[in-house]
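Have a look at the structure below before the remarks.
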Amino acid sequence: MDSKTPTRIAYLVGRYPKISHTFILREVQALRELGVEVDTFAIWPTPADELLADADREEAARTSTVLPLRVGRLVRSHLAALAASPAGYARMAGHALRTSRPGLRGKFLAATWVAEAPILWRELRRRGIRHVHAHLTGTAPAVAMLCTEFANSADRGGGHTWSLTVHGPSEFYDVLNQAVAEKVRHADFAVAISDFGRSQLMGLVGEEHWDKLHVVHCGVFPAAYEAVSPDGRSGAVRIVTVGRLAPVKGHALLLEAVHDLRGRGTEAHLTLIGDGPKRDELERRAEELGVLDLVTFTGAVGQDEITRHYGGADLYAHASFAEGLPVVVMEAMAHGLPVVAAGVMGVGEIVVDGENGVVVRPGRVDEIVAAIERLAGDPDASRRMGDAGRRLVEREFDVRASAARLAELFARYAA
């Protein structure tokens with residue numbers, strides 16, 4: 001670790017740890033391995049039944065949460081803030097209202113930020129932490145921004161900084177209500193997980209802010225994954241996909257692909273790993289298509305178990321309509337699986353058509369079917385693509401390299 005890197009920083013996330021955000025946990029672990037002391041904070045606690053892996057449970061035990069609000073802590077934090085800087089407190093409240101989305105709901109949300117920011121400020125001050133890094137959209141970066149702004153008012157020496165990682169795509173769907181540009185302008189630096197993401201941020205802020213926009217990939221620990229060993233498959237093509245069962249993930253396309261493959265004489269079995277609001281609808285759709293016997297819905301699966309599903313697959317399919325840079329694709333590639341993926345947003349920065357997978361146009365069931373047939377009919381090409389994918393992950397998506405890059409940024413902006 002660089003001698004100028006802050007030895008203690010805070011990570012703030014809306015909910016942490018969370019099964020769909022294991023990439024943040026990996027990043028924290030890799031930073032700690034480099035010697036950066038990372039104190040993790042969450043706005044909301046994660047329900048115990050959603051902590052599915054040992055690493056999640058261990059991390060939850062060491063994570064401090066802002067909510068639920070406790071009256072004593074709330075009063076003490078706000079009295080301390082008012083005593084430290086009445087003017088700074090007023091500016092913080094005003095900034096929250098200006099940043100909020102329109103309407104009563106937006107103003108109420110801004111009021112919750114004002115309630116939460118002094119609680120975080122007081123705890124950071126107690127621990128001697130002067131830099132906060134926020135992940136994802138919504139409340140966490142808003143509270144980090146307000147907390148840091150107030151800390152610099154309350155501390156005559158200043159020197160408090162903050163940064164954020166923007167993932168997409170949700171931030172780019174709602175840039176005004178999420179106040180993405182406002183947060184990026186006020187941050188000391190901003191990270192995008194893909195070049196696509198950085199380009200979107202460049203379009204939201206003036207050229208004077210471009211130098212503080214950086215690309216740092218999410219990543220995996222490649223050594224933790226075993227490459228899939230071909231077993232001379234003679235039965236159904238085994239397809240796996242991982243993701244929250246939500247409309248934007250396009251899972252219904254994969255159900256239709258399994259149906260069309262059967263009609264063309266190719267048996268395929270699809271395993272959908274994850275849970276979400278669309279599960280019941282997807283199960284009904286599989287029944288309507290007559291492929292319920294060819295589809296397995298596993299529900300949410302922890303990292304301790306998910307390796308088994310990757311190891312039992314022939315290929316990974318990703319039909320999402322919008323993505324930042326999907327970590328699940330990195331995981332599949334780390335296992336040596338060839339990938340069929342819709343070429344949306346940042347996907348082209350990891351899936352190279354014909355090299356480590358097949359890129360299809362978004363929403364095209366016919367192209368998904370053709371890609372699966374292509375891979376199923378050419379085991380040698382599938383193996384070559386799987387090997388190429390693993391090499392790419394080792395070279396460009398190792399979380400240890402991403403953590404080292406983040407440590408450099410903390411040293412530059414926060415030390």
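Within each chain, counting starts at residue 1; across the structure tokens, chains are named A, B, ... in the order shown, with ligands numbered 1 upward in that order.
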* **Secondary structure check, strand (DSSP E) residues of region 242-344 of chain A, as JSON, numbers by chain** => {"A": [242, 268, 269, 270, 271, 272, 273, 295, 296, 297, 298, 299, 315, 316, 317, 318, 339, 340, 341, 342]}
* To do: Figure out the distance between CA of Thr46 (chain A) and CA of Leu164 (chain A), please, to one decimal in Å.
  => 20.9 Å
* **Sel. of alpha helix (DSSP H) residues, region 118-261 of chain A, as a VMD selection string** => chain A and resid 118 to 127 139 to 154 170 to 173 180 to 186 195 to 204 251 to 261
* To do: Have a look at A:Arg156, A:His318, A:Arg238, A:His309 and name the one nearest to Gly88 (chain A); count only C-alpha atoms.
  =>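 The shortest atom-to-atom distance to Gly88 (chain A) comes from A:Arg156.
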* CA of Gly346 (chain A) to CA of His167 (chain A), straight-line distance in Å -> 10.2 Å
* **Selection near Val180 (chain A), 10 Å with only C-alpha atoms, sequence-local residues under 4 positions removed, as a ChimeraX atom specification** => /A:99,137-138,141-142,166,171-172,174-176,184-185,201,204-205
* Pick from A:Ala187, A:Thr112, A:Val242, A:Gly265: nearest to Val301 (chain A), with only C-alpha atoms counted? ->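 Closest candidate: A:Val242.
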* Asked: Quick one, how far is CA of Ala96 (chain A) from CA of Leu406 (chain A)?
  -> 27.7 Å
* Long-range neighbours of region 246-251 of chain A as a PyMOL selection string, 7 Å cut-off, only C-alpha atoms, 2 positions minimum in chain -> chain A and resi 244+253-255+276-278+319-322
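The closest residue to Leu272 (chain A), picked from A:Pro338, A:Leu245, A:Leu292, A:Val28 and counting only C-alpha atoms, is A:Leu245.
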* Find the residues near Arg400 (chain A): any atom within 9 Å, counting only C-alpha atoms, skip ones fewer than 2 places away on the same chain, and give them as a VMD selection string. => chain A and resid 26 to 27 29 to 31 33 to 34 219 to 221 397 to 398 402 to 405
Write the residues of the preceding selection, restricted to C-alpha atoms, as an mmCIF file, in the first residue's frame.
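Saved the output as result34.cif:
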data_model
loop_
_atom_site.group_PDB
_atom_site.id
_atom_site.type_symbol
_atom_site.label_atom_id
_atom_site.label_comp_id
_atom_site.auth_asym_id
_atom_site.auth_seq_id
_atom_site.Cartn_x
_atom_site.Cartn_y
_atom_site.Cartn_z
ATOM 1 C CA ARG A 26 -15.035 -8.590 -2.587
ATOM 2 C CA GLU A 27 -13.756 -5.065 -3.105
ATOM 3 C CA GLN A 29 -11.900 -7.695 1.273
ATOM 4 C CA ALA A 30 -9.275 -6.885 -1.374
ATOM 5 C CA LEU A 31 -8.696 -3.401 0.055
ATOM 6 C CA GLU A 33 -5.691 -7.316 2.106
ATOM 7 C CA LEU A 34 -3.741 -4.275 0.853
ATOM 8 C CA GLY A 219 -14.022 -7.913 -10.084
ATOM 9 C CA VAL A 220 -13.669 -11.408 -8.722
ATOM 10 C CA PHE A 221 -10.958 -13.489 -7.123
ATOM 11 C CA PHE A 397 -11.177 -8.299 -13.788
ATOM 12 C CA ASP A 398 -9.155 -9.464 -10.817
ATOM 13 C CA SER A 402 -9.238 -3.034 -8.890
ATOM 14 C CA ALA A 403 -8.581 -2.570 -5.179
ATOM 15 C CA ALA A 404 -5.034 -1.433 -5.889
ATOM 16 C CA ARG A 405 -6.377 1.143 -8.326
#
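In terms of minimum interatomic distance to Tyr310 (chain A), A:Gly336 ranks closest within A:Gly363, A:Gly336, A:Gly290, A:Gly386, counting only C-alpha atoms.
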* To do: Could you tell me which of A:Leu74, A:Ala236, A:Ala55, A:Val228 comes closest to Gly377 (chain A) if we count only C-alpha atoms?
  => A:Ala236
* **Shell of 12 Å around Arg395 (chain A), only C-alpha atoms, local chain residues under 4 positions omitted, as a list in words** =>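 Residues near the query, excluding close chain neighbours: His217, Gly219, Val220, Phe221, Pro222, Met330, Met333, Ala334, Ile350, Ala388, Gly389, Arg390, Arg391, Val399, Arg400, Ala401 and Ser402 of chain A.
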Those residues you just picked out, can you put them in a file as a PDB file, in the first residue's frame with C-alpha atoms?
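The new file selection.pdb reads:
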ATOM      1  CA  HIS A 217     -13.901  -2.489 -12.780  1.00  0.00           C
ATOM      2  CA  GLY A 219     -14.022  -7.913 -10.084  1.00  0.00           C
ATOM      3  CA  VAL A 220     -13.669 -11.408  -8.722  1.00  0.00           C
ATOM      4  CA  PHE A 221     -10.958 -13.489  -7.123  1.00  0.00           C
ATOM      5  CA  PRO A 222     -10.130 -15.705 -10.161  1.00  0.00           C
ATOM      6  CA  MET A 330     -17.151 -12.453 -14.902  1.00  0.00           C
ATOM      7  CA  MET A 333     -15.987 -16.725 -17.381  1.00  0.00           C
ATOM      8  CA  ALA A 334     -13.810 -17.415 -14.342  1.00  0.00           C
ATOM      9  CA  ILE A 350     -16.219  -8.032 -21.388  1.00  0.00           C
ATOM     10  CA  ALA A 388     -10.313 -17.153 -23.394  1.00  0.00           C
ATOM     11  CA  GLY A 389     -12.918 -15.842 -20.996  1.00  0.00           C
ATOM     12  CA  ARG A 390     -11.016 -17.110 -17.981  1.00  0.00           C
ATOM     13  CA  ARG A 391      -7.803 -15.506 -19.239  1.00  0.00           C
ATOM     14  CA  VAL A 399     -10.595  -7.595  -7.842  1.00  0.00           C
ATOM     15  CA  ARG A 400      -7.136  -7.271  -6.313  1.00  0.00           C
ATOM     16  CA  ALA A 401      -6.047  -5.094  -9.232  1.00  0.00           C
ATOM     17  CA  SER A 402      -9.238  -3.034  -8.890  1.00  0.00           C
TER      18      SER A 402
END
